[in-house]
Amino acid sequence: MDIVKQAQDSDPQFQSAKFQNQADAEATTQAWARFMPHVRAGTNFQQVNQNILSSDNTVYAVGSTTYPTYGYDVTLEQPLFNYSSWANLKAARAQVRQSNAQFEAAKQDLLLRAVERYFTVLAAIETADAAHAESRALKEHFDLVQSRQRGGAARTAELMDAQARYLQSEAKQAQADAAVRDAVAGLRQVTGATPQSLNGLSGQLQIKPLDPEDPAHWLELARKNNPRIKAAIEASERGHQQVEIERSGWYPNASLQLFQNRHRTQGSLFGGGSDVEETGAMVKLNVPIYEGGETSSKIREADSLYGKARAEEDRTGREVARETEAAVDGIRTAASQVSALGASLRAQQEVVTQLNQAFNSGAASNIDVLDAQRDLFLARALYVRARYDYALDTLKLRHAVGLLDIADLDEMNRLLTAPPVNVDNYAFNRPHAAIPSLPEGVRAAQPETPRRDGAQKTPEAPKPDPKKKQAAIPALAQRAVAVVVPSAAVPRAALPAAPAVAAAVQTAPAVMRPAAVPSAVPAVKSDTLIRTADAGPEAQ
């Protein structure tokens, strides 16, 4: 939960949505201000220089004088009728509702984005660890083949194939480490800090079918609760009210004005000054007649924007429907994958064990062992990805129906009980094993046919006895158990004949299905799953 808290405090995208929501909250206050009285006050001071050049006054025909003039005025104006003010108030209310829905969507997006980045790091770490384990296993096998080649029990081609596969695993290892660093950078982009260690996903992840499985149920929830759909609906309402605002340019408006002013003049050329105070009231009526076509143009513009808002509303609804269906399908697929791939992984581990024993006894070839180890790495990577996909898809479904909140992350957080992993182990300066070199004189292909000078051909490794090989590894012919159809669990009837492999596959589902069930996983009854989302503007 520390990751989520850091994301709420540091994620620029979420902070931007929060400040935008705070700004939009002022829209209704500004709209109501157009109904309130407006009071204005002012004062003035003048220094007048008066010079009479000619006059019909026989007393003051010509002359000049200087005197000050000053005063003040206060005006109160109360709107009586203005249709645009009412339309603007409705638009402001729609804007606030739209902003609240957008901020709720931003909160849920942040929760899902933080969990996705966190799980991406964990999945990358597990993949990297598997790559390192594969590299170590291939290194041990290379050393074994190298020692057997020196004793004449293995061909040069087998040694070079073992070396090539080991070096390829080193390349996979470096690529996997780079993927971890990139995933950590993605998490840092959200939280603003690089985590030192992360707890992994526990094996206590129980896989259960979605309840209810009908996608129509979840689509209906999404239409009612998804904040993006709510925001699109309010944006469409704002567009409609904007058309009404522009149309009000054709309507008259009226207001009441109360005023008081005072002007004082200290002297004049004709003698004496004056001090005048005025108080009055006025009803003002404005009737628009012709604005040069501007009002009609603005109405057409607003109507086009209203059409755009309705199209965006339809697009958002379809996007949410697609996301909901994808989340439902993802849960189904991931649930089948976890069960099938878990059984496949245990079976493939047993296949590798038996092939190693058979290789040591000469009953299996080098190629069989290396292929089995490659398949084991692939099965482990697919299984890791399926587990995280299942956990994420449960949250994505909650996000699609608009009900994702902190409580769901609390339940998911209880599954992060695996020992912490230090992300510094995957830094750029992580040391890798030294690249092995072949013995002197082995790099070039050695002749396997008699030479003209009479030299003997290179000793060949003894060929394995087919009967001995069949007795030692009865599971080898059933390697297809490692090839899993992700959409369905492994049928028990298709299990190999080898007792060890069959037992591994038979017991795998029981091991991977403990009793603890997170309530955030939408496998419970819908009435306990659905909770009313808080659409308020406060941050979680």
# chains A, B, ... in the order shown; residues from 1 in each chain; ligands from 1
$ select_by_dssp --residues "region 30-167 of chain A" --states "strand (DSSP E)" --output "VMD selection string"
chain A and resid 38 to 52 63 to 81
$ residues_around --residues "Pro252 (chain A)" --least-positions-apart "4" --cutoff "10 Å" --atoms "only C-alpha atoms" --output "list in words"
Phe81, Asn82, Tyr83, Ser248, Leu285, Asn286, Val287, Pro288 and Ile289 of chain A
$ write_last_selection --atoms "all heavy atoms" --output "compact mmCIF listing (two decimals), in the first residue's frame"
# COMPACT_ATOMS: atom_id res chain seq x y z
N PHE A 81 -33.98 39.74 -15.63
CA PHE A 81 -34.21 38.60 -16.51
C PHE A 81 -33.06 38.50 -17.49
O PHE A 81 -32.72 39.48 -18.17
CB PHE A 81 -35.53 38.75 -17.29
CG PHE A 81 -35.71 37.67 -18.33
CD1 PHE A 81 -36.12 36.40 -17.97
CD2 PHE A 81 -35.45 37.93 -19.68
CE1 PHE A 81 -36.27 35.40 -18.92
CE2 PHE A 81 -35.60 36.93 -20.63
CZ PHE A 81 -36.01 35.67 -20.25
N ASN A 82 -32.45 37.29 -17.53
CA ASN A 82 -31.41 37.00 -18.51
C ASN A 82 -31.39 35.49 -18.72
O ASN A 82 -30.95 34.73 -17.86
CB ASN A 82 -30.04 37.50 -18.04
CG ASN A 82 -29.02 37.51 -19.15
OD1 ASN A 82 -29.07 36.70 -20.06
ND2 ASN A 82 -28.07 38.43 -19.08
N TYR A 83 -31.91 35.07 -19.85
CA TYR A 83 -32.04 33.63 -20.12
C TYR A 83 -30.68 32.93 -20.13
O TYR A 83 -30.55 31.78 -19.71
CB TYR A 83 -32.75 33.42 -21.46
CG TYR A 83 -32.98 31.96 -21.79
CD1 TYR A 83 -34.01 31.25 -21.19
CD2 TYR A 83 -32.16 31.30 -22.70
CE1 TYR A 83 -34.21 29.91 -21.48
CE2 TYR A 83 -32.36 29.97 -23.00
CZ TYR A 83 -33.37 29.27 -22.38
OH TYR A 83 -33.57 27.95 -22.67
N SER A 248 -29.58 32.37 -26.37
CA SER A 248 -30.09 33.49 -25.57
C SER A 248 -29.65 34.84 -26.13
O SER A 248 -30.15 35.87 -25.69
CB SER A 248 -29.60 33.35 -24.13
OG SER A 248 -28.18 33.51 -24.05
N LEU A 285 -33.71 47.93 -20.19
CA LEU A 285 -34.12 46.82 -21.05
C LEU A 285 -33.29 46.85 -22.31
O LEU A 285 -33.24 47.86 -23.01
CB LEU A 285 -35.61 46.93 -21.40
CG LEU A 285 -36.16 45.88 -22.37
CD1 LEU A 285 -36.11 44.49 -21.73
CD2 LEU A 285 -37.57 46.23 -22.81
N ASN A 286 -32.63 45.71 -22.60
CA ASN A 286 -31.82 45.58 -23.80
C ASN A 286 -32.50 44.59 -24.75
O ASN A 286 -32.79 43.45 -24.35
CB ASN A 286 -30.40 45.10 -23.49
CG ASN A 286 -29.60 46.13 -22.72
OD1 ASN A 286 -29.70 47.32 -22.98
ND2 ASN A 286 -28.81 45.67 -21.75
N VAL A 287 -32.73 45.01 -25.96
CA VAL A 287 -33.37 44.16 -26.96
C VAL A 287 -32.42 44.03 -28.15
O VAL A 287 -32.17 45.01 -28.86
CB VAL A 287 -34.72 44.73 -27.43
CG1 VAL A 287 -35.35 43.81 -28.48
CG2 VAL A 287 -35.66 44.92 -26.26
N PRO A 288 -31.82 42.84 -28.35
CA PRO A 288 -30.93 42.66 -29.50
C PRO A 288 -31.71 42.67 -30.81
O PRO A 288 -32.78 42.06 -30.89
CB PRO A 288 -30.26 41.32 -29.24
CG PRO A 288 -31.22 40.59 -28.37
CD PRO A 288 -31.92 41.61 -27.54
N ILE A 289 -31.20 43.35 -31.77
CA ILE A 289 -31.86 43.42 -33.07
C ILE A 289 -31.01 42.77 -34.15
O ILE A 289 -31.46 41.88 -34.86
CB ILE A 289 -32.19 44.90 -33.42
CG1 ILE A 289 -33.18 45.46 -32.39
CG2 ILE A 289 -32.77 44.99 -34.84
CD1 ILE A 289 -33.52 46.93 -32.60
$ residues_around --residues "Thr324 (chain A)" --least-positions-apart "6" --cutoff "9 Å" --atoms "only C-alpha atoms" --output "list in words"
Pro215, Trp218, Leu219, Ala222, Lys396, Leu397, Arg398, His399, Ala400 and Val401 of chain A
$ atom_distance --atom1 "CA of Ala311 (chain A)" --atom2 "CA of Ala231 (chain A)"
13.2 Å
$ residues_around --residues "region 416-421 of chain A" --least-positions-apart "2" --cutoff "6 Å" --atoms "only C-alpha atoms" --output "VMD selection string"
chain A and resid 197 to 202 413 to 414
$ write_last_selection --atoms "N, CA and C atoms" --output "PDB file, in the first residue's frame"
ATOM      1  N   SER A 197      12.964  -2.714  -2.466  1.00  0.00           N
ATOM      2  CA  SER A 197      12.583  -4.120  -2.515  1.00  0.00           C
ATOM      3  C   SER A 197      11.074  -4.210  -2.654  1.00  0.00           C
ATOM      4  N   LEU A 198      10.609  -5.329  -3.207  1.00  0.00           N
ATOM      5  CA  LEU A 198       9.186  -5.548  -3.440  1.00  0.00           C
ATOM      6  C   LEU A 198       8.821  -6.950  -2.973  1.00  0.00           C
ATOM      7  N   ASN A 199       7.662  -7.066  -2.366  1.00  0.00           N
ATOM      8  CA  ASN A 199       7.157  -8.371  -1.980  1.00  0.00           C
ATOM      9  C   ASN A 199       6.476  -9.028  -3.169  1.00  0.00           C
ATOM     10  N   GLY A 200       6.763 -10.294  -3.371  1.00  0.00           N
ATOM     11  CA  GLY A 200       6.191 -11.007  -4.500  1.00  0.00           C
ATOM     12  C   GLY A 200       4.810 -11.556  -4.206  1.00  0.00           C
ATOM     13  N   LEU A 201       4.138 -11.993  -5.256  1.00  0.00           N
ATOM     14  CA  LEU A 201       2.801 -12.558  -5.142  1.00  0.00           C
ATOM     15  C   LEU A 201       2.895 -13.952  -4.537  1.00  0.00           C
ATOM     16  N   SER A 202       2.123 -14.165  -3.495  1.00  0.00           N
ATOM     17  CA  SER A 202       2.163 -15.441  -2.795  1.00  0.00           C
ATOM     18  C   SER A 202       1.570 -16.546  -3.655  1.00  0.00           C
ATOM     19  N   ASN A 413      -3.250  -6.830  -1.463  1.00  0.00           N
ATOM     20  CA  ASN A 413      -2.006  -6.638  -0.728  1.00  0.00           C
ATOM     21  C   ASN A 413      -1.730  -7.815   0.210  1.00  0.00           C
ATOM     22  N   ARG A 414      -2.785  -8.485   0.661  1.00  0.00           N
ATOM     23  CA  ARG A 414      -2.598  -9.628   1.550  1.00  0.00           C
ATOM     24  C   ARG A 414      -1.976 -10.818   0.849  1.00  0.00           C
TER      25      ARG A 414
END
$ residues_around --residues "Gln349 (chain A)" --least-positions-apart "2" --cutoff "10 Å" --atoms "only C-alpha atoms" --output "ChimeraX atom specification"
/A:344-347,351-355,372-373,375-377,379-380,482,501,504
$ write_last_selection --atoms "N, CA and C atoms" --output "short mmCIF file (atom, residue, chain, number, x, y, z; two decimals), in the first residue's frame"
data_model
loop_
_atom_site.label_atom_id
_atom_site.label_comp_id
_atom_site.auth_asym_id
_atom_site.auth_seq_id
_atom_site.Cartn_x
_atom_site.Cartn_y
_atom_site.Cartn_z
N SER A 344 1.42 -28.23 -16.13
CA SER A 344 2.45 -28.40 -17.15
C SER A 344 3.84 -28.15 -16.58
N LEU A 345 3.97 -27.12 -15.74
CA LEU A 345 5.28 -26.79 -15.18
C LEU A 345 5.80 -27.93 -14.32
N ARG A 346 4.96 -28.49 -13.47
CA ARG A 346 5.40 -29.60 -12.62
C ARG A 346 5.76 -30.83 -13.46
N ALA A 347 4.96 -31.06 -14.51
CA ALA A 347 5.27 -32.19 -15.38
C ALA A 347 6.59 -31.98 -16.10
N VAL A 351 10.05 -34.09 -16.26
CA VAL A 351 10.65 -34.54 -17.51
C VAL A 351 12.14 -34.19 -17.53
N VAL A 352 12.49 -32.98 -17.12
CA VAL A 352 13.90 -32.57 -17.09
C VAL A 352 14.70 -33.44 -16.14
N THR A 353 14.12 -33.73 -14.96
CA THR A 353 14.82 -34.58 -14.00
C THR A 353 15.09 -35.97 -14.58
N GLN A 354 14.07 -36.56 -15.19
CA GLN A 354 14.26 -37.90 -15.75
C GLN A 354 15.24 -37.89 -16.92
N LEU A 355 15.19 -36.86 -17.75
CA LEU A 355 16.11 -36.81 -18.88
C LEU A 355 17.55 -36.62 -18.42
N ALA A 372 14.45 -30.12 -23.34
CA ALA A 372 13.58 -30.18 -22.16
C ALA A 372 13.82 -28.98 -21.26
N GLN A 373 15.07 -28.57 -21.08
CA GLN A 373 15.36 -27.40 -20.26
C GLN A 373 14.79 -26.13 -20.89
N ASP A 375 12.11 -26.00 -22.79
CA ASP A 375 10.66 -26.08 -22.58
C ASP A 375 10.29 -25.75 -21.14
N LEU A 376 11.16 -26.15 -20.20
CA LEU A 376 10.90 -25.83 -18.80
C LEU A 376 10.93 -24.33 -18.57
N PHE A 377 11.88 -23.65 -19.17
CA PHE A 377 11.95 -22.19 -19.02
C PHE A 377 10.70 -21.53 -19.62
N ALA A 379 7.71 -22.91 -20.01
CA ALA A 379 6.55 -23.22 -19.17
C ALA A 379 6.54 -22.36 -17.92
N ARG A 380 7.71 -22.12 -17.33
CA ARG A 380 7.78 -21.31 -16.12
C ARG A 380 7.41 -19.86 -16.42
N ALA A 482 3.85 -30.90 -21.89
CA ALA A 482 4.37 -29.55 -21.66
C ALA A 482 3.79 -28.54 -22.61
N VAL A 501 5.68 -38.45 -13.52
CA VAL A 501 5.08 -37.31 -14.22
C VAL A 501 3.59 -37.25 -13.95
N ALA A 504 2.91 -35.88 -10.59
CA ALA A 504 3.16 -34.44 -10.51
C ALA A 504 1.99 -33.65 -11.06
#
$ closest_atom_pairs --of "region 367-391 of chain A" --to "region 162-170 of chain A" --cutoff "10 Å" --atoms "only C-alpha atoms" --output "Markdown table"
| residue | atom | partner | partner_atom | distance |
| --- | --- | --- | --- | --- |
| A:Ile367 | CA | A:Ala162 | CA | 8.4 |
| A:Val369 | CA | A:Ala162 | CA | 9.8 |
| A:Leu370 | CA | A:Ala162 | CA | 7.5 |
| A:Asp371 | CA | A:Arg165 | CA | 9.6 |
| A:Arg374 | CA | A:Arg165 | CA | 9.1 |
$ residues_around --residues "region 253-267 of chain A" --least-positions-apart "5" --cutoff "10 Å" --atoms "only C-alpha atoms" --output "PyMOL selection string"
chain A and resi 37-48+65-84+248+272-288
$ write_last_selection --atoms "C-alpha atoms" --output "PDB file, in the first residue's frame"
ATOM      1  CA  PRO A  37     -26.619  42.251  -7.532  1.00  0.00           C
ATOM      2  CA  HIS A  38     -23.471  43.954  -8.756  1.00  0.00           C
ATOM      3  CA  VAL A  39     -22.246  47.018  -6.869  1.00  0.00           C
ATOM      4  CA  ARG A  40     -19.673  49.353  -8.308  1.00  0.00           C
ATOM      5  CA  ALA A  41     -18.163  52.476  -6.770  1.00  0.00           C
ATOM      6  CA  GLY A  42     -15.779  55.065  -8.152  1.00  0.00           C
ATOM      7  CA  THR A  43     -14.236  58.433  -7.378  1.00  0.00           C
ATOM      8  CA  ASN A  44     -12.604  61.107  -9.472  1.00  0.00           C
ATOM      9  CA  PHE A  45     -10.557  64.275  -9.123  1.00  0.00           C
ATOM     10  CA  GLN A  46      -9.909  66.930 -11.781  1.00  0.00           C
ATOM     11  CA  GLN A  47      -7.861  70.123 -11.912  1.00  0.00           C
ATOM     12  CA  VAL A  48      -9.611  72.411 -14.395  1.00  0.00           C
ATOM     13  CA  THR A  65      -9.186  80.746 -13.879  1.00  0.00           C
ATOM     14  CA  THR A  66      -8.104  77.448 -12.289  1.00  0.00           C
ATOM     15  CA  TYR A  67     -10.180  75.291  -9.894  1.00  0.00           C
ATOM     16  CA  PRO A  68     -10.482  71.664  -8.763  1.00  0.00           C
ATOM     17  CA  THR A  69     -13.422  69.298  -9.356  1.00  0.00           C
ATOM     18  CA  TYR A  70     -13.953  66.023  -7.560  1.00  0.00           C
ATOM     19  CA  GLY A  71     -16.726  63.530  -6.759  1.00  0.00           C
ATOM     20  CA  TYR A  72     -17.823  59.914  -6.412  1.00  0.00           C
ATOM     21  CA  ASP A  73     -20.499  57.600  -7.757  1.00  0.00           C
ATOM     22  CA  VAL A  74     -22.051  54.321  -6.496  1.00  0.00           C
ATOM     23  CA  THR A  75     -24.144  52.047  -8.726  1.00  0.00           C
ATOM     24  CA  LEU A  76     -26.097  48.908  -7.842  1.00  0.00           C
ATOM     25  CA  GLU A  77     -27.403  46.743 -10.668  1.00  0.00           C
ATOM     26  CA  GLN A  78     -29.752  43.815 -10.096  1.00  0.00           C
ATOM     27  CA  PRO A  79     -30.445  41.526 -13.085  1.00  0.00           C
ATOM     28  CA  LEU A  80     -34.161  40.963 -13.561  1.00  0.00           C
ATOM     29  CA  PHE A  81     -34.213  38.598 -16.510  1.00  0.00           C
ATOM     30  CA  ASN A  82     -31.406  37.005 -18.512  1.00  0.00           C
ATOM     31  CA  TYR A  83     -32.037  33.632 -20.124  1.00  0.00           C
ATOM     32  CA  SER A  84     -28.315  32.984 -20.641  1.00  0.00           C
ATOM     33  CA  SER A 248     -30.086  33.485 -25.573  1.00  0.00           C
ATOM     34  CA  GLY A 272     -18.685  80.645  -7.055  1.00  0.00           C
ATOM     35  CA  GLY A 273     -18.546  76.836  -7.020  1.00  0.00           C
ATOM     36  CA  SER A 274     -21.097  74.058  -6.805  1.00  0.00           C
ATOM     37  CA  ASP A 275     -21.758  70.819  -4.864  1.00  0.00           C
ATOM     38  CA  VAL A 276     -24.322  68.562  -6.579  1.00  0.00           C
ATOM     39  CA  GLU A 277     -25.613  65.178  -5.283  1.00  0.00           C
ATOM     40  CA  GLU A 278     -27.838  62.881  -7.353  1.00  0.00           C
ATOM     41  CA  THR A 279     -29.794  59.752  -6.410  1.00  0.00           C
ATOM     42  CA  GLY A 280     -31.945  57.749  -8.789  1.00  0.00           C
ATOM     43  CA  ALA A 281     -33.264  54.418 -10.047  1.00  0.00           C
ATOM     44  CA  MET A 282     -33.594  53.028 -13.536  1.00  0.00           C
ATOM     45  CA  VAL A 283     -34.969  49.928 -15.205  1.00  0.00           C
ATOM     46  CA  LYS A 284     -32.855  49.015 -18.197  1.00  0.00           C
ATOM     47  CA  LEU A 285     -34.124  46.815 -21.049  1.00  0.00           C
ATOM     48  CA  ASN A 286     -31.821  45.579 -23.801  1.00  0.00           C
ATOM     49  CA  VAL A 287     -33.370  44.162 -26.964  1.00  0.00           C
ATOM     50  CA  PRO A 288     -30.925  42.664 -29.497  1.00  0.00           C
TER      51      PRO A 288
END
$ select_by_dssp --residues "region 154-403 of chain A" --states "alpha helix (DSSP H)" --output "JSON, numbers by chain"
{"A": [156, 157, 158, 159, 160, 161, 162, 163, 164, 165, 166, 167, 168, 169, 170, 171, 172, 173, 174, 175, 176, 177, 178, 179, 180, 181, 182, 183, 184, 185, 186, 187, 188, 189, 190, 191, 215, 216, 217, 218, 219, 220, 221, 222, 223, 224, 225, 227, 228, 229, 230, 231, 232, 233, 234, 235, 236, 237, 238, 239, 240, 241, 242, 243, 244, 245, 246, 247, 294, 295, 296, 297, 298, 299, 300, 301, 302, 303, 304, 305, 306, 307, 308, 309, 310, 311, 312, 313, 314, 315, 316, 317, 318, 319, 320, 321, 322, 323, 324, 325, 326, 327, 328, 329, 330, 331, 332, 333, 334, 335, 336, 337, 338, 339, 340, 341, 342, 343, 344, 345, 346, 347, 348, 349, 350, 351, 352, 353, 354, 355, 356, 357, 358, 359, 360, 366, 367, 368, 369, 370, 371, 372, 373, 374, 375, 376, 377, 378, 379, 380, 381, 382, 383, 384, 385, 386, 387, 388, 389, 390, 391, 392, 393, 394, 395, 396, 397, 398, 399, 400]}
$ residues_around --residues "region 174-177 of chain A" --least-positions-apart "6" --cutoff "7 Å" --atoms "only C-alpha atoms" --output "ChimeraX atom specification"
/A:124,127-128,426
$ closest_residue --among "A:Asn366, A:Gly307, A:Arg387, A:Leu221" --to "Ser336 (chain A)" --atoms "only C-alpha atoms"
A:Arg387
$ closest_residue --among "A:Val328, A:Pro12, A:Asn100, A:Phe142" --to "His217 (chain A)" --atoms "only C-alpha atoms"
A:Val328
